[in-house]
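Below is one structure, written out as structure tokens; comments come after it.
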Amino acid sequence: MQWGRSLIAAAVLAAAGSFATGCVRRTITITTDPPGALVWLNDREIGRSPVDIDFEHYGTYDVRLERPGYEPLMTSGRAQAPLWDTVGLDLLAALAPLQIHNHLTWHYVLVPRNDDPEPLIGRARRLRSRIADGDRP
């Protein structure tokens, strides 16, 4: 009988404690220079820069950026866990009666697109000349 009361008391304390706990929020902000690039994260369109997105898992994310007049950029971003959000400590952070926010910012610089065909044609002519002279490219 005593054991049953202890179990009920523990369950009540656990339930009450769950309402008093805080939560952990994880956000990535992606900015670009210039702003307004269309952003994909792991092949999912998330909006135009600057853009915020909540995330759950740390690790490396594929980032794709496109903006008219600029070269498309396919790169990655790394979301590394802070010390308080590593295994073991993350439980304490989740149970703490406060809001915790891990906010990461990734910034990318886009390169203007060069649609001038002359540099490409010049390289092709030089390569053709080298091949005609017997040089290897």
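Ordering of the structure tokens sets the chain letters (A, B, ...); residue numbers start at 1 within each chain; ligands are numbered from 1 in the order shown.
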With only C-alpha atoms counted and 10 Å as the cut-off, give the residues of segment 11-70 of chain A in contact with segment 75-80 of chain A, each with its shortest interatomic distance in Å and the pair that gives it, as JSON lines.
```
{"residue": "A:Arg26", "atom": "CA", "partner": "A:Ala79", "partner_atom": "CA", "distance": 9.7}
{"residue": "A:Thr27", "atom": "CA", "partner": "A:Ala79", "partner_atom": "CA", "distance": 9.7}
{"residue": "A:Ile28", "atom": "CA", "partner": "A:Ala79", "partner_atom": "CA", "distance": 8.2}
{"residue": "A:Ile30", "atom": "CA", "partner": "A:Gly77", "partner_atom": "CA", "distance": 9.5}
{"residue": "A:Leu41", "atom": "CA", "partner": "A:Ser76", "partner_atom": "CA", "distance": 8.8}
{"residue": "A:Asn42", "atom": "CA", "partner": "A:Ser76", "partner_atom": "CA", "distance": 9.1}
{"residue": "A:Phe55", "atom": "CA", "partner": "A:Ala79", "partner_atom": "CA", "distance": 9.3}
{"residue": "A:His57", "atom": "CA", "partner": "A:Ala79", "partner_atom": "CA", "distance": 8.1}
{"residue": "A:Tyr58", "atom": "CA", "partner": "A:Ala79", "partner_atom": "CA", "distance": 5.0}
{"residue": "A:Gly59", "atom": "CA", "partner": "A:Ala79", "partner_atom": "CA", "distance": 5.1}
{"residue": "A:Thr60", "atom": "CA", "partner": "A:Arg78", "partner_atom": "CA", "distance": 4.4}
{"residue": "A:Tyr61", "atom": "CA", "partner": "A:Gly77", "partner_atom": "CA", "distance": 5.2}
{"residue": "A:Asp62", "atom": "CA", "partner": "A:Ser76", "partner_atom": "CA", "distance": 4.5}
{"residue": "A:Val63", "atom": "CA", "partner": "A:Ser76", "partner_atom": "CA", "distance": 4.9}
{"residue": "A:Arg64", "atom": "CA", "partner": "A:Thr75", "partner_atom": "CA", "distance": 6.3}
{"residue": "A:Leu65", "atom": "CA", "partner": "A:Thr75", "partner_atom": "CA", "distance": 8.5}
```
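Relative to atom CA of Asn102 of chain A, atom CA of Pro72 of chain A is found at 28.6 Å.
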Taking into account only C-alpha atoms, which residue in the set A:Gly134, A:Pro82, A:Gly36, A:Pro112 is nearest to Gly69 of chain A? A:Pro112
Point-to-point distance in Å for atom CA of Leu73 of chain A and atom CA of Pro50 of chain A: 15.4 Å
Enter the distance from atom CA of Glu66 of chain A to atom CA of Ile121 of chain A, in Å, rounded to one decimal.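 The value is 25.7 Å.
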I'd like the contact shell of Thr32 of chain A - 9 Å cut-off, only C-alpha atoms, skipping same-chain residues fewer than 3 positions apart - returned as a ChimeraX atom specification. /A:35-37,49-50,65,106-110
Neighbour list for segment 115-118 of chain A as JSON, numbers by chain, cut-off 12 Å, only C-alpha atoms, skip fewer than 4 positions in-chain: {"A": [68, 69, 70, 71, 122, 123, 124, 125]}
Would you put the residues from that selection into a file with C-alpha atoms, as a PDB file, in the first residue's frame?
```
ATOM      1  CA  PRO A  68      18.594  36.569 -60.873  1.00  0.00           C
ATOM      2  CA  GLY A  69      21.813  38.133 -62.148  1.00  0.00           C
ATOM      3  CA  TYR A  70      24.005  36.073 -59.780  1.00  0.00           C
ATOM      4  CA  GLU A  71      25.705  32.711 -60.004  1.00  0.00           C
ATOM      5  CA  GLY A 122      39.068  33.368 -75.753  1.00  0.00           C
ATOM      6  CA  ARG A 123      39.848  30.341 -73.560  1.00  0.00           C
ATOM      7  CA  ALA A 124      38.488  28.012 -76.248  1.00  0.00           C
ATOM      8  CA  ARG A 125      40.690  29.631 -78.924  1.00  0.00           C
TER       9      ARG A 125
END
```
